[in-house]
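**Q** Below is the file protein_35.txt, with compact mmCIF, C-alpha atoms and all ligand atoms.
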```txt
# COMPACT_ATOMS: atom_id res chain seq x y z
CA MET A 1 -6.31 -1.12 46.85
CA GLN A 2 -7.58 0.98 49.71
CA ARG A 3 -5.18 3.62 51.01
CA TYR A 4 -6.21 3.27 54.68
CA GLU A 5 -6.55 -0.13 56.26
CA LYS A 6 -8.33 -0.35 59.62
CA VAL A 7 -6.27 -2.12 62.26
CA GLU A 8 -8.65 -1.88 65.23
CA LYS A 9 -11.49 0.10 66.68
CA ILE A 10 -10.26 2.69 69.21
CA GLY A 11 -13.61 3.90 70.45
CA GLU A 12 -16.92 5.60 69.89
CA GLY A 13 -16.71 9.38 69.81
CA THR A 14 -19.43 12.02 69.83
CA TYR A 15 -19.81 11.96 66.05
CA GLY A 16 -18.72 8.51 65.00
CA THR A 17 -16.32 5.64 65.38
CA VAL A 18 -12.58 6.09 65.72
CA TYR A 19 -10.20 3.48 64.29
CA LYS A 20 -6.50 2.90 64.33
CA ALA A 21 -5.45 2.38 60.71
CA LYS A 22 -2.43 2.00 58.48
CA ASP A 23 -1.81 4.43 55.65
CA HIS A 24 -0.39 2.26 52.87
CA GLU A 25 0.89 5.30 50.98
CA SER A 26 3.09 6.68 53.78
CA GLY A 27 3.43 3.53 55.89
CA GLU A 28 2.30 5.57 58.92
CA ILE A 29 -0.26 4.63 61.55
CA VAL A 30 -3.21 7.08 61.56
CA ALA A 31 -6.51 7.56 63.39
CA LEU A 32 -9.68 7.49 61.26
CA LYS A 33 -12.76 9.23 62.52
CA VAL A 34 -15.73 7.97 60.54
CA VAL A 35 -18.76 10.25 60.81
CA ARG A 36 -22.11 8.81 59.80
CA LEU A 37 -24.66 11.43 58.92
CA ASP A 38 -28.41 11.12 58.52
CA GLU A 39 -29.02 8.51 55.90
CA ASP A 40 -32.49 9.83 55.11
CA ASP A 41 -31.21 13.18 53.80
CA GLU A 42 -28.51 14.20 51.40
CA GLY A 43 -25.61 13.12 53.59
CA VAL A 44 -22.86 15.51 54.61
CA PRO A 45 -24.06 19.14 54.51
CA SER A 46 -21.81 21.27 52.32
CA ALA A 47 -21.34 23.86 55.09
CA ALA A 48 -20.04 21.16 57.41
CA LEU A 49 -17.73 19.86 54.73
CA ARG A 50 -16.29 23.35 54.17
CA GLU A 51 -15.75 23.79 57.91
CA ILE A 52 -13.98 20.46 58.17
CA CYS A 53 -11.72 21.18 55.23
CA LEU A 54 -10.69 24.49 56.84
CA LEU A 55 -9.55 22.49 59.88
CA LYS A 56 -6.77 21.01 57.75
CA GLU A 57 -5.09 24.43 58.01
CA LEU A 58 -5.18 24.36 61.82
CA LYS A 59 -1.55 23.39 62.33
CA HIS A 60 0.02 23.56 65.80
CA LYS A 61 2.06 21.16 67.89
CA ASN A 62 -0.68 20.98 70.54
CA ILE A 63 -3.48 20.27 68.06
CA VAL A 64 -3.95 16.80 66.56
CA CYS A 65 -3.11 17.14 62.88
CA LEU A 66 -5.96 16.53 60.44
CA LEU A 67 -4.17 14.93 57.50
CA ASP A 68 -7.00 14.24 55.10
CA VAL A 69 -10.77 14.37 54.65
CA LEU A 70 -12.56 11.72 52.60
CA HIS A 71 -16.16 12.05 51.53
CA ARG A 72 -18.04 9.22 49.86
CA ASN A 73 -21.26 7.22 50.23
CA LEU A 74 -22.86 9.56 52.82
CA ARG A 75 -19.79 9.05 54.97
CA LEU A 76 -17.17 11.48 56.08
CA THR A 77 -13.83 10.13 57.18
CA MET A 78 -11.29 12.35 58.87
CA VAL A 79 -7.73 11.09 58.89
CA PHE A 80 -5.67 12.25 61.88
CA GLU A 81 -2.14 11.68 63.08
CA TYR A 82 -2.13 8.80 65.55
CA ILE A 83 -1.42 9.42 69.24
CA ASP A 84 -1.14 6.53 71.69
CA GLN A 85 -3.73 7.42 74.29
CA ASP A 86 -6.26 9.93 75.49
CA LEU A 87 -6.29 11.68 78.87
CA LYS A 88 -9.09 9.45 80.12
CA LYS A 89 -6.96 6.35 79.62
CA TYR A 90 -3.93 8.20 81.04
CA PHE A 91 -5.94 8.89 84.20
CA ASP A 92 -6.97 5.22 84.44
CA SER A 93 -3.35 4.09 84.27
CA SER A 94 -1.96 6.77 86.61
CA GLY A 95 -3.41 5.26 89.77
CA GLY A 96 -5.07 8.52 90.80
CA LYS A 97 -1.83 10.44 91.19
CA ILE A 98 -0.22 12.88 88.77
CA SER A 99 2.83 14.88 89.87
CA PRO A 100 2.41 18.68 90.17
CA LYS A 101 5.09 19.11 87.46
CA THR A 102 3.13 16.90 85.05
CA VAL A 103 -0.11 18.76 85.84
CA GLN A 104 1.67 22.03 85.06
CA SER A 105 3.18 20.69 81.81
CA PHE A 106 -0.08 19.19 80.54
CA TYR A 107 -2.10 22.25 81.45
CA TYR A 108 0.37 24.64 79.82
CA GLN A 109 0.27 22.60 76.60
CA LEU A 110 -3.53 22.50 76.72
CA LEU A 111 -3.68 26.30 77.01
CA LYS A 112 -1.18 26.68 74.18
CA GLY A 113 -3.34 24.65 71.79
CA LEU A 114 -6.44 26.45 73.00
CA GLY A 115 -4.85 29.92 72.66
CA PHE A 116 -3.76 29.15 69.11
CA CYS A 117 -7.26 28.07 68.02
CA HIS A 118 -8.92 30.96 69.85
CA SER A 119 -6.61 33.44 68.10
CA LEU A 120 -8.12 32.15 64.83
CA ASN A 121 -11.62 32.27 66.28
CA VAL A 122 -11.98 28.52 66.25
CA PHE A 123 -13.61 27.12 69.40
CA HIS A 124 -13.81 23.62 70.72
CA ARG A 125 -17.06 23.68 72.73
CA ASP A 126 -16.72 20.08 73.90
CA LEU A 127 -13.35 19.79 75.63
CA LYS A 128 -13.09 16.66 77.80
CA PRO A 129 -10.45 14.05 78.67
CA GLN A 130 -11.54 11.82 75.73
CA ASN A 131 -10.48 14.44 73.20
CA ILE A 132 -7.21 15.37 74.83
CA LEU A 133 -4.44 13.08 73.62
CA ILE A 134 -1.17 12.30 75.36
CA SER A 135 1.82 10.91 73.48
CA LYS A 136 4.39 8.53 74.94
CA ARG A 137 6.79 11.50 75.19
CA GLY A 138 4.32 13.51 77.28
CA ASP A 139 3.17 15.80 74.47
CA LEU A 140 -0.45 16.88 74.77
CA LYS A 141 -2.63 17.48 71.71
CA LEU A 142 -6.25 18.54 71.44
CA ALA A 143 -8.59 16.61 69.14
CA ASP A 144 -12.02 17.45 67.69
CA PHE A 145 -11.45 21.20 67.44
CA GLY A 146 -14.06 22.91 65.27
CA LEU A 147 -16.26 19.81 64.92
CA ALA A 148 -18.99 21.23 67.15
CA ARG A 149 -19.38 24.17 64.78
CA ALA A 150 -19.49 21.89 61.76
CA PHE A 151 -21.92 19.31 63.18
CA GLY A 152 -23.47 20.86 66.31
CA ILE A 153 -23.35 19.16 69.71
CA PRO A 154 -25.85 16.33 69.91
CA VAL A 155 -27.55 15.27 73.15
CA ARG A 156 -26.42 11.71 72.56
CA CYS A 157 -23.44 10.28 70.78
CA PHE A 158 -24.34 8.44 67.59
CA SER A 159 -23.72 5.31 69.70
CA THR A 160 -26.57 6.42 72.05
CA GLU A 161 -24.09 7.08 74.87
CA VAL A 162 -25.09 10.30 76.65
CA VAL A 163 -22.85 13.28 75.92
CA THR A 164 -21.18 14.37 79.15
CA LEU A 165 -22.27 17.61 80.84
CA TRP A 166 -19.36 17.68 83.29
CA TYR A 167 -17.32 20.27 81.39
CA ARG A 168 -20.20 22.56 80.31
CA PRO A 169 -20.36 26.13 81.61
CA PRO A 170 -23.51 27.41 83.32
CA ASP A 171 -24.36 29.77 80.43
CA VAL A 172 -24.54 26.86 77.95
CA LEU A 173 -26.48 24.74 80.48
CA MET A 174 -29.04 27.56 80.72
CA GLY A 175 -29.48 27.71 76.97
CA ALA A 176 -27.22 30.63 75.98
CA GLN A 177 -26.92 30.66 72.20
CA VAL A 178 -23.85 32.85 71.76
CA TYR A 179 -20.81 30.70 71.52
CA THR A 180 -17.41 32.12 72.28
CA THR A 181 -13.97 31.15 73.49
CA THR A 182 -15.22 31.54 77.09
CA ILE A 183 -16.95 28.12 76.88
CA ASP A 184 -13.57 26.43 76.45
CA MET A 185 -12.12 28.39 79.38
CA TRP A 186 -14.73 26.94 81.76
CA SER A 187 -14.14 23.40 80.42
CA SER A 188 -10.37 23.77 80.66
CA GLY A 189 -10.68 24.92 84.29
CA CYS A 190 -12.62 21.72 85.07
CA ILE A 191 -9.86 19.71 83.38
CA PHE A 192 -7.11 21.61 85.28
CA ALA A 193 -8.80 20.61 88.57
CA GLU A 194 -9.26 17.02 87.35
CA LEU A 195 -5.55 16.79 86.45
CA SER A 196 -4.62 17.98 89.94
CA ASN A 197 -7.00 15.44 91.47
CA GLY A 198 -5.45 12.55 89.49
CA GLY A 199 -8.46 12.07 87.22
CA ARG A 200 -11.36 12.58 89.62
CA PRO A 201 -13.83 14.83 87.77
CA LEU A 202 -14.60 18.15 89.46
CA LEU A 203 -18.31 18.41 88.62
CA PRO A 204 -19.75 15.01 87.63
CA GLY A 205 -23.40 15.93 87.16
CA SER A 206 -25.91 13.46 85.74
CA ASP A 207 -28.44 15.88 84.23
CA VAL A 208 -28.66 19.63 83.53
CA ASP A 209 -30.29 20.49 86.85
CA GLU A 210 -27.86 18.50 88.93
CA GLN A 211 -24.93 19.87 86.91
CA LEU A 212 -26.01 23.46 87.64
CA LYS A 213 -26.53 22.64 91.31
CA ARG A 214 -23.02 21.18 91.57
CA ILE A 215 -21.58 24.27 89.85
CA PHE A 216 -23.39 26.74 92.10
CA LYS A 217 -22.50 24.80 95.27
CA LEU A 218 -18.87 25.11 94.21
CA VAL A 219 -18.65 28.71 92.99
CA GLY A 220 -21.75 30.24 94.60
CA THR A 221 -25.14 30.85 92.98
CA PRO A 222 -24.89 33.77 90.52
CA ASN A 223 -27.45 36.57 90.40
CA GLU A 224 -28.13 39.70 88.31
CA GLY A 225 -25.49 41.54 90.38
CA VAL A 226 -22.56 39.38 89.23
CA TRP A 227 -24.11 38.29 85.92
CA PRO A 228 -26.24 40.93 84.22
CA ASN A 229 -29.23 39.44 82.32
CA ILE A 230 -28.74 35.94 83.70
CA THR A 231 -32.50 35.75 84.35
CA LYS A 232 -33.17 36.36 80.62
CA LEU A 233 -31.36 33.22 79.48
CA PRO A 234 -33.70 30.85 77.55
CA GLU A 235 -33.48 28.09 80.17
CA TYR A 236 -32.80 30.16 83.28
CA LYS A 237 -33.77 28.39 86.50
CA GLU A 238 -33.73 29.79 89.99
CA PHE A 239 -31.49 28.05 92.53
CA PRO A 240 -31.06 28.60 96.27
CA PRO A 241 -28.30 31.16 97.01
CA TYR A 242 -25.53 28.65 97.73
CA PRO A 243 -22.32 30.14 99.14
CA ALA A 244 -19.05 29.35 97.33
CA THR A 245 -16.85 26.49 98.60
CA PRO A 246 -13.16 27.38 99.14
CA LEU A 247 -11.32 25.82 96.17
CA GLU A 248 -8.50 24.59 98.46
CA LEU A 249 -10.97 22.01 99.76
CA VAL A 250 -11.73 20.56 96.33
CA VAL A 251 -8.22 20.62 94.82
CA PRO A 252 -6.08 19.80 97.89
CA ALA A 253 -2.95 18.99 95.86
CA MET A 254 -2.94 22.35 94.02
CA ASN A 255 -0.62 25.14 95.22
CA ALA A 256 -1.83 28.68 95.95
CA LEU A 257 -0.91 29.99 92.49
CA GLY A 258 -2.78 27.12 90.84
CA ILE A 259 -5.85 27.84 92.98
CA ASN A 260 -5.69 31.50 91.98
CA LEU A 261 -5.52 30.54 88.29
CA LEU A 262 -8.34 27.99 88.63
CA GLU A 263 -10.53 30.60 90.34
CA GLN A 264 -10.24 32.80 87.24
CA HIS A 265 -11.60 30.00 85.02
CA LEU A 266 -14.55 29.01 87.19
CA VAL A 267 -16.45 32.27 86.84
CA CYS A 268 -20.16 31.93 86.04
CA TYR A 269 -20.35 35.21 84.09
CA PRO A 270 -18.83 34.18 80.72
CA ASN A 271 -16.97 37.44 80.05
CA GLY A 272 -15.43 37.29 83.52
CA ARG A 273 -13.39 34.18 82.65
CA ILE A 274 -9.67 34.41 81.97
CA SER A 275 -8.49 33.93 78.35
CA ALA A 276 -6.06 31.18 77.32
CA GLU A 277 -3.38 33.77 76.50
CA ASP A 278 -3.68 35.44 79.93
CA ALA A 279 -3.76 32.06 81.67
CA MET A 280 -0.44 31.13 80.03
CA ARG A 281 1.10 34.33 81.46
CA HIS A 282 -0.10 33.53 84.99
CA GLU A 283 2.55 33.20 87.72
CA TYR A 284 1.55 29.57 88.21
CA PHE A 285 3.58 28.91 85.03
CA ALA A 286 6.62 30.99 86.12
CA ASP A 287 8.70 27.80 86.52
CA VAL A 288 7.25 25.75 83.66
CA ASP A 289 9.78 23.81 81.53
CA PRO A 290 11.23 26.56 79.25
CA ALA A 291 11.17 24.12 76.30
CA LEU A 292 7.36 24.22 76.43
CA LYS A 293 7.36 27.99 75.92
CA LEU A 294 9.09 27.76 72.54
C1 LIG B 301 -7.30 11.83 66.41
C2 LIG B 301 -8.58 12.05 66.78
C3 LIG B 301 -9.14 11.30 67.78
C4 LIG B 301 -8.38 10.33 68.40
C5 LIG B 301 -7.07 10.08 68.01
C6 LIG B 301 -6.55 10.85 67.01
N1 LIG B 301 -6.47 9.09 68.73
C7 LIG B 301 -7.24 8.57 69.66
S1 LIG B 301 -8.74 9.28 69.69
C8 LIG B 301 -6.88 7.54 70.57
C9 LIG B 301 -7.53 7.21 71.76
C10 LIG B 301 -6.95 6.16 72.41
S2 LIG B 301 -5.66 5.61 71.56
C11 LIG B 301 -5.82 6.73 70.33
S3 LIG B 301 -7.39 5.40 73.90
O1 LIG B 301 -7.11 3.99 73.75
O2 LIG B 301 -6.63 6.01 74.94
N2 LIG B 301 -8.93 5.62 74.16
```
Take the structure in this file and express it as structure tokens.

**A**
Amino acid sequence: MQRYEKVEKIGEGTYGTVYKAKDHESGEIVALKVVRLDEDDEGVPSAALREICLLKELKHKNIVCLLDVLHRNLRLTMVFEYIDQDLKKYFDSSGGKISPKTVQSFYYQLLKGLGFCHSLNVFHRDLKPQNILISKRGDLKLADFGLARAFGIPVRCFSTEVVTLWYRPPDVLMGAQVYTTTIDMWSSGCIFAELSNGGRPLLPGSDVDEQLKRIFKLVGTPNEGVWPNITKLPEYKEFPPYPATPLELVVPAMNALGINLLEQHLVCYPNGRISAEDAMRHEYFADVDPALKL
């Protein structure tokens, strides 16, 4: 008998299909992520497999637990703990309003998961509402950590859906090849703003050019003065010198401390962005639920 029995399809992710399933050994409900790799070559590259297996050690209450990895017939199946919904669905059911306390709680938990992974030098690179999970109790857990390093980020999902550019920092959009924790700090800033705006995305660009234009109209067009060597990036493009828009206008529900914290995420120069650890120490979180700090 098969150990995991699929109950229903949950959705199509960047790398494969996600199912709700029952684990007949433990009786628990789990999430299966089935990754299909190129059928014309040897299947799952051994480097990717090693990376994925290391992710089993990534244990933290704000990271979705990878319980098991199965590898057979050119298919890789990752078995995760099951969480009821993702942040995208949460937004859809929240009617466009999320209380400031909930925004603060979710964002603190997001930073906690991020800080933990960053301390181990594991990056996400593709943070977005679809891979942020919210339990019925209001616990937030990050999914898909480390997968981008194992598989790379494709232009399209395997299901031909276009991979979203909305959470990508300007350095990655202009072809920067060095990948660091700073990528996740840009993405998490976009998500912080989206939480405050009840699920309305901050920078919903439809292609690379339009994404960059939206970014620069928000934070001001960068130049060599604020970002040394920007013009040497592989896909550097010149843009008009847009002035920055005051953030109060784009996140009207956010308080002054939140705006100050957000401003430190949305910095074009990658090394100028705040770290997850420093963000958690920001005064915006002075009155966060003490239970979350444990
Ligand atoms: C682990 C990894 C990815 C996912 C997991 C667990 N659970 C997911 S996606 C999920 C998503 C929903 S319900 C469960 S949804 O209905 O809100 N899209």

**Q** In Å, how far is it from atom C11 of ligand LIG 301 (chain B) to atom CA of A:Ser135?

**A**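 Here the two named atoms are 9.3 Å from each other.
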
**Q** As a PyMOL selection string, please: every protein or nucleic acid residue near ligand LIG 301 (chain B) (cut-off 9 Å, counting only C-alpha atoms and all ligand atoms).

**A** chain A and resi 10-13+18-20+30-33+64-66+78-90+130-134+142-144

**Q** When you draw a straight line from atom CA of A:Glu25 to atom CA of A:Lys59, how long is it in Å?

**A**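 Interatomic distance here is 21.5 Å.
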
**Q** How big is the axis-aligned box around the listed atoms of stretch 166-170 of chain A once 8 Å is added on each side, and where is its centre? Give both in Å to one decimal, as AutoDock Vina command-line options.

**A**
```
--center_x -20.4 --center_y 22.5 --center_z 81.8 --size_x 22.2 --size_y 25.7 --size_z 19.0
```

**Q** Find the distance between atom CA of A:Gly199 and atom CA of A:Leu249 and write it in Å to one decimal.

**A**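 Distance between the two atoms: 16.2 Å.
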
**Q** So that I can see what lies close to A:Leu195, please list as a PyMOL selection string the residues with an atom at most 12 Å from it, counting all atoms listed in the file and leaving out residues fewer than 4 positions away in the same chain.

**A** chain A and resi 87-88+90-92+94+96-108+110+128-129+132+188-191+199-202+251-254+258+262

**Q** Given only C-alpha atoms, how would the per-residue table for stretch 124-194 of chain A near stretch 218-222 of chain A read, listing every residue at most 12 Å away with its closest atom pair and distance in Å to one decimal, sorted by chain and number, as a tab-separated table?

**A**
```
residue	atom	partner	partner_atom	distance
A:Pro169	CA	A:Val219	CA	11.8
A:Pro170	CA	A:Pro222	CA	9.7
A:Asp171	CA	A:Pro222	CA	10.9
A:Cys190	CA	A:Leu218	CA	11.6
```

**Q** So which one's closest to A:Asp278, A:Asn73, A:Gln177, A:Gln264, A:Asn223? Using only C-alpha atoms, please.

**A**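 Using only C-alpha atoms, A:Asp278 sits closest to A:Gln264.
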
**Q** Using all atoms listed in the file, can you tell me which of A:Leu147, A:Arg281, A:Tyr15, A:Glu8 comes closest to A:Glu161?

**A** A:Tyr15

**Q** Of the candidates A:Glu194, A:Asp23, A:Glu51, A:Glu248, which shows the shortest atom-to-atom distance to A:Gly146, using all atoms listed in the file?

**A**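 Using all atoms listed in the file, A:Gly146 sits closest to A:Glu51.
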
**Q** Determine the nearest neighbour of A:Lys61 from the options A:Lys141, A:Lys136, A:His24, A:Arg156, counting all atoms listed in the file.

**A**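 That would be A:Lys141, the residue with the smallest distance to A:Lys61.
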